[in-house]
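Single-structure report; data block below.
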Amino acid sequence: YIFNQEYKILDVREKIEQKNNPIANSINVPLTHINEEFNIIPKDIPLYIGCKTGIRSAIAFSILSNKGYKNITVLEGGFLKISEKGVRI
């Protein structure tokens, strides 16, 4: 994965998880609040949805797809899998 300012990472982990391990270039909207806070999630740029293992990301993908988001991708395996491959995010 290559991340830059043309993308945003939607971090759907809980606030305490994000605070303990922040992800650069991300927007934190916990999955537990996604239905209430989805209006702060941009639709006009590509979004990569991430969490620790990818499970919450997949759920968030489904919710956002149903709300009309098109340019969204799940970070399969989550942030753990990406860091295991040596990719810095």
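If you're wondering about the labels, chains in the structure tokens are A, B, ... by order shown, residues count from 1 in each chain, ligands from 1 in order shown.
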
Can you tell me, as a ChimeraX atom specification, what residues are no more than 12 Å from Glu14 (chain A) when counting only C-alpha atoms, ignoring any on the same chain fewer than 4 positions away?
/A:10,18-22,27-34,50-52,56-57

For Ile72 (chain A), work out the shell of residues within 8 Å, counting only C-alpha atoms and skipping chain neighbours fewer than 3 positions away, then give it as a VMD selection string.
chain A and resid 46 to 49 61 69

Excluding same-chain residues fewer than 3 positions from region 73-78 of chain A, what lies within 12 Å of it counting only C-alpha atoms, as a PyMOL selection string?
chain A and resi 1-3+7-13+23+45-62+64-65+69-70+81-85+87+89

Given the choices A:Lys15, A:Gly86, A:Ile63, A:Gly68, which gets closest to Glu36 (chain A) if the distance is worked out from only C-alpha atoms?
A:Ile63

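For the set A:Glu17, A:Lys67, A:Lys43, A:Phe38, the residue with the smallest atom-to-atom gap to Phe79 (chain A) is A:Glu17, counting only C-alpha atoms.
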
Mind the document's chain letters and residue numbers, and return as a PyMOL selection string the residues of chain A that DSSP labels strand (DSSP E).
chain A and resi 8-11+26-28+47-50+72-74

I need the residues from that last selection saved to file as a CSV table (one decimal), in the first residue's frame (with C-alpha atoms), if you can.
chain,number,residue,atom,x,y,z
A,8,LYS,CA,-7.3,9.0,3.6
A,9,ILE,CA,-7.2,6.1,6.0
A,10,LEU,CA,-10.5,5.7,7.9
A,11,ASP,CA,-9.4,4.2,11.2
A,26,SER,CA,-6.2,9.1,9.1
A,27,ILE,CA,-9.6,10.0,10.3
A,28,ASN,CA,-10.8,8.2,13.4
A,47,LEU,CA,-10.6,5.8,1.5
A,48,TYR,CA,-8.7,2.8,3.0
A,49,ILE,CA,-10.6,1.5,5.9
A,50,GLY,CA,-8.5,0.0,8.7
A,72,ILE,CA,-13.5,2.7,-0.4
A,73,THR,CA,-11.2,-0.3,0.2
A,74,VAL,CA,-10.7,-2.5,3.2
